[in-house]
Amino acid sequence: MKDNKKAIVTGCPGQDASYLCELLVEKGYSVYGVSRRSTRENSNMLFVENLTNNRYNAVTMDVTDPSGVSDLVKNVQPDEYYNLAAMSHVGQSFKEPASTLMADGMAVTYALEAIKNYAPNCKFYQASTSELYGKVEEGLKLDENSEFKPRSPYGAAKMYAHNMVSIYRDSYGIHGSCGILFNHESERRGLNFVTRKITTGVARVKCGHERHVVLGNIDAIRDWGHARDYVYGMWLMLQQENPDDYVLATGETASVREALNYVCDLAELNMDEVYKINPKFMRPAEVPYLCGDPSKAKKVLGWRPQHNWKSLLELMYKSDYRTAAREVYTYR
Ligand code: F7E
């Protein structure tokens, strides 16, 4: 690797950015980790800001401010730009559709414009998503050529961004790649996503802090992998000579119900006594089933996920149980 490659990573308080910054610093990059002032306090920042070297630079900026984005690109002259900033909660995007479009859609155009004007050799990664596919027939394995028909404001904004990357690639020769990532989770996942709600919720029931885990549509089926594996795939995409789009997924699925049942088994609890349904966690339009086909990423990038949904949930549950058990100890 050339000396001191520079990377901009947006979305820095988030799960994915925390793993990506760690990976890039480990690989000798100087990393410019972008977060909004209001989200700087998020605990995942500790993972990156406690890195024991001086290659991590915390930048406070809002990706929806075009002049901030272009100044950053002009000043840093990055080799790589990973756009992970987003309003990433699909359910919430129905409540704030316009700001979702700004953060998940327009911000990508600002970044692409800045790269085109000030750092045209910078490689760009866009966090695309399996939400682009929308409602598909159960049993299908979705790949880069499957049809996109988003069903949420989140999916629609991401669709716009996905198209813009392809347009800047074709029109201006920008090295822009999109990772069409299926659900990816970890011990650092936000507490309002369903896997973490389940692992933290069951751990808290087990330790006597709560009586129930309250969920929405437990029939939804997803393809869940570990975020650390997916972040490595992002990096691989930008190491290629040519830009392209890749699906990252495990190719295995489980329903929310199966995931909950599996975690309850780990906790030796009876699932039927643990969960409750509250319609407030249902979405106006649901994506009932998603399963990815990562063959292209495996073939071209040599990417292999190290976890499936069971090993992932076990890691997450054990981590959340340790936290919940410490709390019991504190209050005894
Ligand atoms: O929901 C159902 C919910 O919010 C998964 C984001 O990272 O992955 C994520 O989007 C499923 C849905 O993830 C609850 O209705 C049931 O069918 O964990 P989630 P998501 O919507 O699939 C994609 C790839 C992204 O790109 C997104 O940024 O679980 N579900 N009960 C619930 N979901 C939540 N959040 N909370 C519940 O209580």
# chains A, B, ... in the order shown; residues from 1 in each chain; ligands from 1
call {"tool": "residues_near_ligand", "arguments": {"ligand": "ligand 1", "cutoff": "8 Å", "atoms": "only C-alpha atoms and all ligand atoms", "output": "JSON, numbers by chain"}}
result
{"A": [86, 87, 88, 89, 90, 91, 128, 129, 130, 131, 154, 155, 181, 182, 183, 184, 185, 192, 193, 194, 195, 196, 197, 214, 215, 216, 217, 218, 219, 220, 221, 222, 256, 281, 282, 283, 286, 287, 288, 289]}
call {"tool": "write_last_selection", "arguments": {"atoms": "N, CA, C and O atoms", "output": "compact mmCIF listing (two decimals), in the first residue's frame"}}
result
# COMPACT_ATOMS: atom_id res chain seq x y z
N ALA A 86 -26.25 7.70 7.28
CA ALA A 86 -27.63 7.54 6.79
C ALA A 86 -28.60 7.59 7.96
O ALA A 86 -28.22 7.35 9.10
N MET A 87 -29.84 7.89 7.63
CA MET A 87 -30.92 7.63 8.57
C MET A 87 -31.27 6.17 8.26
O MET A 87 -31.92 5.87 7.27
N SER A 88 -30.81 5.24 9.09
CA SER A 88 -30.79 3.83 8.67
C SER A 88 -31.96 3.00 9.18
O SER A 88 -32.03 1.81 8.89
N HIS A 89 -32.86 3.61 9.94
CA HIS A 89 -33.99 2.83 10.47
C HIS A 89 -35.18 2.92 9.52
O HIS A 89 -35.77 3.98 9.34
N VAL A 90 -35.52 1.78 8.91
CA VAL A 90 -36.56 1.76 7.88
C VAL A 90 -37.90 2.25 8.45
O VAL A 90 -38.59 3.07 7.84
N GLY A 91 -38.26 1.77 9.62
CA GLY A 91 -39.54 2.16 10.24
C GLY A 91 -39.59 3.67 10.46
O GLY A 91 -40.60 4.33 10.16
N SER A 128 -25.34 0.88 -0.26
CA SER A 128 -26.66 0.51 -0.76
C SER A 128 -27.21 -0.62 0.11
O SER A 128 -26.53 -1.07 1.04
N THR A 129 -28.37 -1.09 -0.19
CA THR A 129 -29.08 -1.94 0.78
C THR A 129 -30.04 -2.91 0.12
O THR A 129 -30.59 -2.63 -0.97
N SER A 130 -30.32 -4.01 0.79
CA SER A 130 -31.30 -4.97 0.29
C SER A 130 -32.72 -4.38 0.32
O SER A 130 -33.63 -4.95 -0.31
N GLU A 131 -32.92 -3.26 1.02
CA GLU A 131 -34.23 -2.60 1.00
C GLU A 131 -34.58 -2.09 -0.40
O GLU A 131 -35.73 -1.74 -0.67
N TYR A 154 -36.97 5.10 3.09
CA TYR A 154 -35.55 4.74 3.20
C TYR A 154 -35.07 4.08 1.91
O TYR A 154 -34.06 4.48 1.32
N GLY A 155 -35.82 3.08 1.44
CA GLY A 155 -35.44 2.37 0.22
C GLY A 155 -35.43 3.29 -0.99
O GLY A 155 -34.54 3.20 -1.85
N LEU A 181 -25.94 -4.32 0.68
CA LEU A 181 -25.76 -5.12 1.89
C LEU A 181 -27.09 -5.56 2.47
O LEU A 181 -28.01 -4.75 2.67
N PHE A 182 -27.18 -6.87 2.72
CA PHE A 182 -28.31 -7.41 3.46
C PHE A 182 -28.06 -7.14 4.95
O PHE A 182 -26.99 -6.65 5.31
N ASN A 183 -29.04 -7.45 5.79
CA ASN A 183 -28.95 -7.05 7.20
C ASN A 183 -27.64 -7.52 7.82
O ASN A 183 -27.28 -8.70 7.70
N HIS A 184 -26.97 -6.61 8.50
CA HIS A 184 -25.72 -6.97 9.17
C HIS A 184 -25.72 -6.35 10.55
O HIS A 184 -26.02 -5.18 10.72
N GLU A 185 -25.41 -7.18 11.51
CA GLU A 185 -25.66 -6.87 12.92
C GLU A 185 -24.39 -7.16 13.71
O GLU A 185 -23.43 -7.69 13.18
N ASN A 192 -32.54 -0.30 18.60
CA ASN A 192 -33.87 -0.30 18.01
C ASN A 192 -33.98 -1.18 16.76
O ASN A 192 -35.00 -1.16 16.08
N PHE A 193 -32.95 -1.94 16.43
CA PHE A 193 -33.04 -2.91 15.33
C PHE A 193 -33.40 -4.27 15.93
O PHE A 193 -33.05 -4.57 17.07
N VAL A 194 -34.07 -5.11 15.12
CA VAL A 194 -34.77 -6.22 15.75
C VAL A 194 -33.83 -7.24 16.41
O VAL A 194 -34.14 -7.76 17.48
N THR A 195 -32.68 -7.53 15.79
CA THR A 195 -31.79 -8.54 16.41
C THR A 195 -31.34 -8.08 17.79
O THR A 195 -31.35 -8.84 18.75
N ARG A 196 -30.94 -6.82 17.87
CA ARG A 196 -30.41 -6.31 19.15
C ARG A 196 -31.53 -6.15 20.16
O ARG A 196 -31.33 -6.36 21.36
N LYS A 197 -32.73 -5.81 19.66
CA LYS A 197 -33.87 -5.74 20.57
C LYS A 197 -34.09 -7.11 21.21
O LYS A 197 -34.38 -7.22 22.39
N VAL A 214 -40.92 -6.64 23.52
CA VAL A 214 -42.10 -6.21 22.75
C VAL A 214 -41.69 -5.95 21.30
O VAL A 214 -40.80 -5.12 21.03
N LEU A 215 -42.34 -6.66 20.37
CA LEU A 215 -41.94 -6.63 18.96
C LEU A 215 -43.11 -6.32 18.05
O LEU A 215 -44.26 -6.25 18.50
N GLY A 216 -42.79 -6.17 16.74
CA GLY A 216 -43.82 -5.93 15.72
C GLY A 216 -44.07 -7.21 14.92
O GLY A 216 -44.50 -8.23 15.48
N ASN A 217 -43.76 -7.16 13.63
CA ASN A 217 -44.04 -8.29 12.73
C ASN A 217 -42.99 -9.39 12.87
O ASN A 217 -41.92 -9.31 12.27
N ILE A 218 -43.32 -10.45 13.61
CA ILE A 218 -42.30 -11.49 13.84
C ILE A 218 -42.28 -12.53 12.71
O ILE A 218 -41.51 -13.47 12.75
N ASP A 219 -43.13 -12.33 11.69
CA ASP A 219 -43.09 -13.24 10.53
C ASP A 219 -42.10 -12.79 9.47
O ASP A 219 -41.84 -13.53 8.51
N ALA A 220 -41.56 -11.58 9.61
CA ALA A 220 -40.59 -11.09 8.60
C ALA A 220 -39.37 -12.02 8.57
O ALA A 220 -38.93 -12.52 9.61
N ILE A 221 -38.86 -12.21 7.36
CA ILE A 221 -37.71 -13.11 7.15
C ILE A 221 -36.54 -12.29 6.63
O ILE A 221 -36.70 -11.49 5.70
N ARG A 222 -35.38 -12.48 7.25
CA ARG A 222 -34.20 -11.72 6.84
C ARG A 222 -32.98 -12.64 6.71
O ARG A 222 -32.95 -13.73 7.26
N VAL A 256 -38.04 -13.51 12.13
CA VAL A 256 -37.84 -12.85 13.43
C VAL A 256 -38.25 -13.83 14.54
O VAL A 256 -37.60 -13.96 15.57
N PHE A 281 -44.90 -1.23 16.45
CA PHE A 281 -43.63 -1.60 15.81
C PHE A 281 -43.82 -2.18 14.40
O PHE A 281 -42.88 -2.64 13.77
N MET A 282 -45.08 -2.20 13.91
CA MET A 282 -45.34 -2.63 12.53
C MET A 282 -45.13 -1.44 11.60
O MET A 282 -45.35 -0.30 12.01
N ARG A 283 -44.78 -1.71 10.37
CA ARG A 283 -44.55 -0.62 9.40
C ARG A 283 -45.74 -0.45 8.47
O ARG A 283 -46.43 -1.43 8.19
N GLU A 286 -44.51 -3.39 4.72
CA GLU A 286 -43.43 -4.27 5.18
C GLU A 286 -42.72 -4.92 4.00
O GLU A 286 -43.31 -5.11 2.92
N VAL A 287 -41.45 -5.23 4.18
CA VAL A 287 -40.73 -6.10 3.24
C VAL A 287 -40.69 -7.47 3.92
O VAL A 287 -39.97 -7.66 4.89
N PRO A 288 -41.51 -8.41 3.45
CA PRO A 288 -41.69 -9.63 4.24
C PRO A 288 -40.50 -10.60 4.19
O PRO A 288 -40.29 -11.35 5.13
N TYR A 289 -39.75 -10.56 3.09
CA TYR A 289 -38.72 -11.61 2.91
C TYR A 289 -37.54 -11.06 2.13
O TYR A 289 -37.72 -10.40 1.09
call {"tool": "select_by_dssp", "arguments": {"residues": "segment 112-209 of chain A", "states": "helix (DSSP H, G or I)", "output": "ChimeraX atom specification"}}
result
/A:112-118,130-132,153-172,194-206
call {"tool": "residues_around", "arguments": {"residues": "Cys178 of chain A", "least_positions_apart": "3", "cutoff": "6 Å", "atoms": "only C-alpha atoms", "output": "number ranges by chain"}}
result
A: 125-126, 128, 245
call {"tool": "select_by_dssp", "arguments": {"residues": "segment 165-253 of chain A", "states": "strand (DSSP E)", "output": "PDB file with all heavy atoms, in the first residue's frame"}}
result
ATOM      1  N   GLY A 176     -16.789   4.602  -8.381  1.00  0.00           N
ATOM      2  CA  GLY A 176     -17.835   4.493  -7.356  1.00  0.00           C
ATOM      3  C   GLY A 176     -18.406   3.091  -7.338  1.00  0.00           C
ATOM      4  O   GLY A 176     -18.822   2.576  -8.373  1.00  0.00           O
ATOM      5  N   SER A 177     -18.431   2.462  -6.160  1.00  0.00           N
ATOM      6  CA  SER A 177     -18.976   1.110  -6.022  1.00  0.00           C
ATOM      7  C   SER A 177     -20.069   1.116  -4.974  1.00  0.00           C
ATOM      8  O   SER A 177     -19.965   1.808  -3.962  1.00  0.00           O
ATOM      9  CB  SER A 177     -17.888   0.131  -5.581  1.00  0.00           C
ATOM     10  OG  SER A 177     -16.917   0.010  -6.590  1.00  0.00           O
ATOM     11  N   CYS A 178     -21.104   0.304  -5.209  1.00  0.00           N
ATOM     12  CA  CYS A 178     -22.187   0.187  -4.225  1.00  0.00           C
ATOM     13  C   CYS A 178     -22.180  -1.219  -3.643  1.00  0.00           C
ATOM     14  O   CYS A 178     -22.197  -2.210  -4.390  1.00  0.00           O
ATOM     15  CB  CYS A 178     -23.548   0.412  -4.873  1.00  0.00           C
ATOM     16  SG  CYS A 178     -23.769   2.082  -5.523  1.00  0.00           S
ATOM     17  N   GLY A 179     -22.202  -1.298  -2.324  1.00  0.00           N
ATOM     18  CA  GLY A 179     -22.389  -2.587  -1.662  1.00  0.00           C
ATOM     19  C   GLY A 179     -23.857  -2.741  -1.350  1.00  0.00           C
ATOM     20  O   GLY A 179     -24.414  -1.949  -0.585  1.00  0.00           O
ATOM     21  N   ILE A 180     -24.494  -3.735  -1.986  1.00  0.00           N
ATOM     22  CA  ILE A 180     -25.920  -3.978  -1.694  1.00  0.00           C
ATOM     23  C   ILE A 180     -25.938  -4.928  -0.493  1.00  0.00           C
ATOM     24  O   ILE A 180     -25.893  -6.158  -0.654  1.00  0.00           O
ATOM     25  CB  ILE A 180     -26.639  -4.575  -2.918  1.00  0.00           C
ATOM     26  CG1 ILE A 180     -26.408  -3.669  -4.140  1.00  0.00           C
ATOM     27  CG2 ILE A 180     -28.131  -4.752  -2.627  1.00  0.00           C
ATOM     28  CD1 ILE A 180     -26.827  -4.298  -5.466  1.00  0.00           C
ATOM     29  N   LEU A 181     -25.942  -4.322   0.678  1.00  0.00           N
ATOM     30  CA  LEU A 181     -25.762  -5.117   1.885  1.00  0.00           C
ATOM     31  C   LEU A 181     -27.095  -5.565   2.466  1.00  0.00           C
ATOM     32  O   LEU A 181     -28.006  -4.751   2.670  1.00  0.00           O
ATOM     33  CB  LEU A 181     -24.969  -4.318   2.934  1.00  0.00           C
ATOM     34  CG  LEU A 181     -23.446  -4.514   2.876  1.00  0.00           C
ATOM     35  CD1 LEU A 181     -22.870  -4.273   1.496  1.00  0.00           C
ATOM     36  CD2 LEU A 181     -22.747  -3.692   3.928  1.00  0.00           C
ATOM     37  N   HIS A 184     -26.971  -6.608   8.496  1.00  0.00           N
ATOM     38  CA  HIS A 184     -25.720  -6.967   9.169  1.00  0.00           C
ATOM     39  C   HIS A 184     -25.722  -6.351  10.550  1.00  0.00           C
ATOM     40  O   HIS A 184     -26.016  -5.178  10.719  1.00  0.00           O
ATOM     41  CB  HIS A 184     -24.505  -6.565   8.334  1.00  0.00           C
ATOM     42  CG  HIS A 184     -24.586  -5.190   7.773  1.00  0.00           C
ATOM     43  ND1 HIS A 184     -25.432  -4.851   6.737  1.00  0.00           N
ATOM     44  CD2 HIS A 184     -23.956  -4.061   8.130  1.00  0.00           C
ATOM     45  CE1 HIS A 184     -25.310  -3.565   6.475  1.00  0.00           C
ATOM     46  NE2 HIS A 184     -24.423  -3.058   7.315  1.00  0.00           N
ATOM     47  N   GLU A 185     -25.409  -7.180  11.512  1.00  0.00           N
ATOM     48  CA  GLU A 185     -25.664  -6.871  12.918  1.00  0.00           C
ATOM     49  C   GLU A 185     -24.394  -7.156  13.712  1.00  0.00           C
ATOM     50  O   GLU A 185     -23.428  -7.688  13.176  1.00  0.00           O
ATOM     51  CB  GLU A 185     -26.789  -7.798  13.437  1.00  0.00           C
ATOM     52  CG  GLU A 185     -27.923  -8.046  12.447  1.00  0.00           C
ATOM     53  CD  GLU A 185     -28.833  -6.845  12.251  1.00  0.00           C
ATOM     54  OE1 GLU A 185     -29.259  -6.284  13.264  1.00  0.00           O
ATOM     55  OE2 GLU A 185     -29.120  -6.470  11.099  1.00  0.00           O
ATOM     56  N   VAL A 213     -40.200  -8.914  25.934  1.00  0.00           N
ATOM     57  CA  VAL A 213     -39.602  -8.255  24.771  1.00  0.00           C
ATOM     58  C   VAL A 213     -40.783  -7.910  23.859  1.00  0.00           C
ATOM     59  O   VAL A 213     -41.558  -8.798  23.493  1.00  0.00           O
ATOM     60  CB  VAL A 213     -38.648  -9.205  24.011  1.00  0.00           C
ATOM     61  CG1 VAL A 213     -38.017  -8.486  22.835  1.00  0.00           C
ATOM     62  CG2 VAL A 213     -37.589  -9.762  24.939  1.00  0.00           C
ATOM     63  N   VAL A 214     -40.919  -6.640  23.516  1.00  0.00           N
ATOM     64  CA  VAL A 214     -42.098  -6.212  22.748  1.00  0.00           C
ATOM     65  C   VAL A 214     -41.688  -5.950  21.298  1.00  0.00           C
ATOM     66  O   VAL A 214     -40.802  -5.121  21.028  1.00  0.00           O
ATOM     67  CB  VAL A 214     -42.740  -4.950  23.369  1.00  0.00           C
ATOM     68  CG1 VAL A 214     -44.037  -4.609  22.653  1.00  0.00           C
ATOM     69  CG2 VAL A 214     -42.980  -5.165  24.862  1.00  0.00           C
ATOM     70  N   LEU A 215     -42.341  -6.662  20.374  1.00  0.00           N
ATOM     71  CA  LEU A 215     -41.937  -6.631  18.965  1.00  0.00           C
ATOM     72  C   LEU A 215     -43.113  -6.317  18.048  1.00  0.00           C
ATOM     73  O   LEU A 215     -44.260  -6.249  18.497  1.00  0.00           O
ATOM     74  CB  LEU A 215     -41.346  -7.995  18.579  1.00  0.00           C
ATOM     75  CG  LEU A 215     -40.068  -8.407  19.327  1.00  0.00           C
ATOM     76  CD1 LEU A 215     -39.763  -9.871  19.098  1.00  0.00           C
ATOM     77  CD2 LEU A 215     -38.892  -7.524  18.907  1.00  0.00           C
ATOM     78  N   ILE A 221     -38.864 -12.211   7.363  1.00  0.00           N
ATOM     79  CA  ILE A 221     -37.715 -13.110   7.155  1.00  0.00           C
ATOM     80  C   ILE A 221     -36.543 -12.286   6.635  1.00  0.00           C
ATOM     81  O   ILE A 221     -36.703 -11.490   5.705  1.00  0.00           O
ATOM     82  CB  ILE A 221     -38.094 -14.219   6.141  1.00  0.00           C
ATOM     83  CG1 ILE A 221     -39.197 -15.094   6.739  1.00  0.00           C
ATOM     84  CG2 ILE A 221     -36.871 -15.051   5.739  1.00  0.00           C
ATOM     85  CD1 ILE A 221     -39.785 -16.097   5.757  1.00  0.00           C
ATOM     86  N   ARG A 222     -35.380 -12.476   7.245  1.00  0.00           N
ATOM     87  CA  ARG A 222     -34.198 -11.720   6.835  1.00  0.00           C
ATOM     88  C   ARG A 222     -32.984 -12.635   6.715  1.00  0.00           C
ATOM     89  O   ARG A 222     -32.949 -13.731   7.264  1.00  0.00           O
ATOM     90  CB  ARG A 222     -33.872 -10.621   7.861  1.00  0.00           C
ATOM     91  CG  ARG A 222     -34.850  -9.446   7.866  1.00  0.00           C
ATOM     92  CD  ARG A 222     -34.734  -8.617   6.601  1.00  0.00           C
ATOM     93  NE  ARG A 222     -35.613  -7.449   6.615  1.00  0.00           N
ATOM     94  CZ  ARG A 222     -36.891  -7.430   6.255  1.00  0.00           C
ATOM     95  NH1 ARG A 222     -37.493  -8.548   5.844  1.00  0.00           N
ATOM     96  NH2 ARG A 222     -37.586  -6.305   6.292  1.00  0.00           N
ATOM     97  N   GLY A 225     -26.113 -11.236   8.713  1.00  0.00           N
ATOM     98  CA  GLY A 225     -24.703 -11.582   8.888  1.00  0.00           C
ATOM     99  C   GLY A 225     -24.054 -10.645   9.890  1.00  0.00           C
ATOM    100  O   GLY A 225     -24.705  -9.758  10.447  1.00  0.00           O
ATOM    101  N   HIS A 226     -22.741 -10.854  10.116  1.00  0.00           N
ATOM    102  CA  HIS A 226     -22.025 -10.023  11.088  1.00  0.00           C
ATOM    103  C   HIS A 226     -21.421  -8.798  10.402  1.00  0.00           C
ATOM    104  O   HIS A 226     -20.738  -8.910   9.386  1.00  0.00           O
ATOM    105  CB  HIS A 226     -20.916 -10.823  11.775  1.00  0.00           C
ATOM    106  CG  HIS A 226     -20.421 -10.165  13.035  1.00  0.00           C
ATOM    107  ND1 HIS A 226     -19.770  -8.951  13.043  1.00  0.00           N
ATOM    108  CD2 HIS A 226     -20.536 -10.532  14.339  1.00  0.00           C
ATOM    109  CE1 HIS A 226     -19.486  -8.607  14.293  1.00  0.00           C
ATOM    110  NE2 HIS A 226     -19.931  -9.556  15.095  1.00  0.00           N
ATOM    111  N   ASP A 245     -20.860  -3.018  -8.499  1.00  0.00           N
ATOM    112  CA  ASP A 245     -21.796  -3.210  -7.389  1.00  0.00           C
ATOM    113  C   ASP A 245     -21.785  -4.681  -6.962  1.00  0.00           C
ATOM    114  O   ASP A 245     -21.718  -5.573  -7.819  1.00  0.00           O
ATOM    115  CB  ASP A 245     -23.222  -2.820  -7.824  1.00  0.00           C
ATOM    116  CG  ASP A 245     -23.291  -1.362  -8.270  1.00  0.00           C
ATOM    117  OD1 ASP A 245     -22.439  -0.564  -7.798  1.00  0.00           O
ATOM    118  OD2 ASP A 245     -24.173  -1.035  -9.086  1.00  0.00           O
ATOM    119  N   TYR A 246     -21.867  -4.896  -5.662  1.00  0.00           N
ATOM    120  CA  TYR A 246     -21.792  -6.261  -5.130  1.00  0.00           C
ATOM    121  C   TYR A 246     -22.828  -6.475  -4.037  1.00  0.00           C
ATOM    122  O   TYR A 246     -22.979  -5.621  -3.147  1.00  0.00           O
ATOM    123  CB  TYR A 246     -20.423  -6.525  -4.499  1.00  0.00           C
ATOM    124  CG  TYR A 246     -19.271  -6.439  -5.463  1.00  0.00           C
ATOM    125  CD1 TYR A 246     -18.605  -5.234  -5.657  1.00  0.00           C
ATOM    126  CD2 TYR A 246     -18.832  -7.564  -6.169  1.00  0.00           C
ATOM    127  CE1 TYR A 246     -17.544  -5.139  -6.538  1.00  0.00           C
ATOM    128  CE2 TYR A 246     -17.763  -7.475  -7.050  1.00  0.00           C
ATOM    129  CZ  TYR A 246     -17.125  -6.264  -7.235  1.00  0.00           C
ATOM    130  OH  TYR A 246     -16.074  -6.174  -8.101  1.00  0.00           O
ATOM    131  N   VAL A 247     -23.462  -7.650  -4.058  1.00  0.00           N
ATOM    132  CA  VAL A 247     -24.318  -8.073  -2.943  1.00  0.00           C
ATOM    133  C   VAL A 247     -23.436  -8.700  -1.873  1.00  0.00           C
ATOM    134  O   VAL A 247     -22.597  -9.552  -2.172  1.00  0.00           O
ATOM    135  CB  VAL A 247     -25.354  -9.125  -3.437  1.00  0.00           C
ATOM    136  CG1 VAL A 247     -25.942  -9.907  -2.266  1.00  0.00           C
ATOM    137  CG2 VAL A 247     -26.465  -8.445  -4.226  1.00  0.00           C
ATOM    138  N   LEU A 248     -23.614  -8.273  -0.624  1.00  0.00           N
ATOM    139  CA  LEU A 248     -23.011  -8.975   0.512  1.00  0.00           C
ATOM    140  C   LEU A 248     -24.151  -9.540   1.356  1.00  0.00           C
ATOM    141  O   LEU A 248     -25.035  -8.784   1.799  1.00  0.00           O
ATOM    142  CB  LEU A 248     -22.141  -8.047   1.365  1.00  0.00           C
ATOM    143  CG  LEU A 248     -20.939  -7.382   0.688  1.00  0.00           C
ATOM    144  CD1 LEU A 248     -20.119  -6.597   1.715  1.00  0.00           C
ATOM    145  CD2 LEU A 248     -20.035  -8.385  -0.034  1.00  0.00           C
TER     146      LEU A 248
END
call {"tool": "residues_around", "arguments": {"residues": "segment 264-275 of chain A", "least_positions_apart": "4", "cutoff": "9 Å", "atoms": "only C-alpha atoms", "output": "list in words"}}
result
Ile198, Thr199, Val202, Ala203, Val205, Lys206, Arg211, His212, Val213, Val214, Leu215, Ala259, Leu260, Glu314, Tyr317 and Tyr321 of chain A
call {"tool": "atom_distance", "arguments": {"atom1": "atom CA of Met237 of chain A", "atom2": "atom CA of Leu20 of chain A"}}
result
13.0 Å
call {"tool": "atom_distance", "arguments": {"atom1": "atom CA of Ala85 of chain A", "atom2": "atom CA of Gly68 of chain A"}}
result
14.3 Å
call {"tool": "residues_around", "arguments": {"residues": "Leu140 of chain A", "least_positions_apart": "3", "cutoff": "8 Å", "atoms": "only C-alpha atoms", "output": "PDB file with all heavy atoms, in the first residue's frame"}}
result
ATOM      1  N   VAL A 136     -40.567  -9.219  -2.546  1.00  0.00           N
ATOM      2  CA  VAL A 136     -40.219 -10.214  -3.574  1.00  0.00           C
ATOM      3  C   VAL A 136     -40.793 -11.573  -3.174  1.00  0.00           C
ATOM      4  O   VAL A 136     -41.145 -11.794  -2.015  1.00  0.00           O
ATOM      5  CB  VAL A 136     -38.686 -10.343  -3.740  1.00  0.00           C
ATOM      6  CG1 VAL A 136     -38.060  -9.042  -4.185  1.00  0.00           C
ATOM      7  CG2 VAL A 136     -38.019 -10.824  -2.456  1.00  0.00           C
ATOM      8  N   GLU A 137     -40.835 -12.443  -4.148  1.00  0.00           N
ATOM      9  CA  GLU A 137     -41.390 -13.778  -3.916  1.00  0.00           C
ATOM     10  C   GLU A 137     -40.502 -14.545  -2.935  1.00  0.00           C
ATOM     11  O   GLU A 137     -39.271 -14.566  -3.080  1.00  0.00           O
ATOM     12  CB  GLU A 137     -41.400 -14.497  -5.273  1.00  0.00           C
ATOM     13  CG  GLU A 137     -42.215 -15.755  -5.320  1.00  0.00           C
ATOM     14  CD  GLU A 137     -42.016 -16.425  -6.685  1.00  0.00           C
ATOM     15  OE1 GLU A 137     -42.037 -15.696  -7.708  1.00  0.00           O
ATOM     16  OE2 GLU A 137     -41.791 -17.638  -6.706  1.00  0.00           O
ATOM     17  N   CYS A 291     -33.500 -12.465   0.926  1.00  0.00           N
ATOM     18  CA  CYS A 291     -32.374 -13.402   0.997  1.00  0.00           C
ATOM     19  C   CYS A 291     -31.415 -13.071  -0.148  1.00  0.00           C
ATOM     20  O   CYS A 291     -31.852 -12.917  -1.292  1.00  0.00           O
ATOM     21  CB  CYS A 291     -32.877 -14.843   0.870  1.00  0.00           C
ATOM     22  SG  CYS A 291     -31.525 -16.042   0.928  1.00  0.00           S
TER      23      CYS A 291
END
call {"tool": "residues_around", "arguments": {"residues": "Ile8 of chain A", "least_positions_apart": "6", "cutoff": "12 Å", "atoms": "only C-alpha atoms", "output": "number ranges by chain"}}
result
A: 17, 20-21, 24-25, 29-35, 55-59, 61, 63, 69, 72-85, 111, 115, 122-125
call {"tool": "closest_residue", "arguments": {"among": "A:Leu290, A:Val231, A:Lys116, A:Pro284", "to": "Tyr133 of chain A", "atoms": "only C-alpha atoms"}}
result
A:Leu290
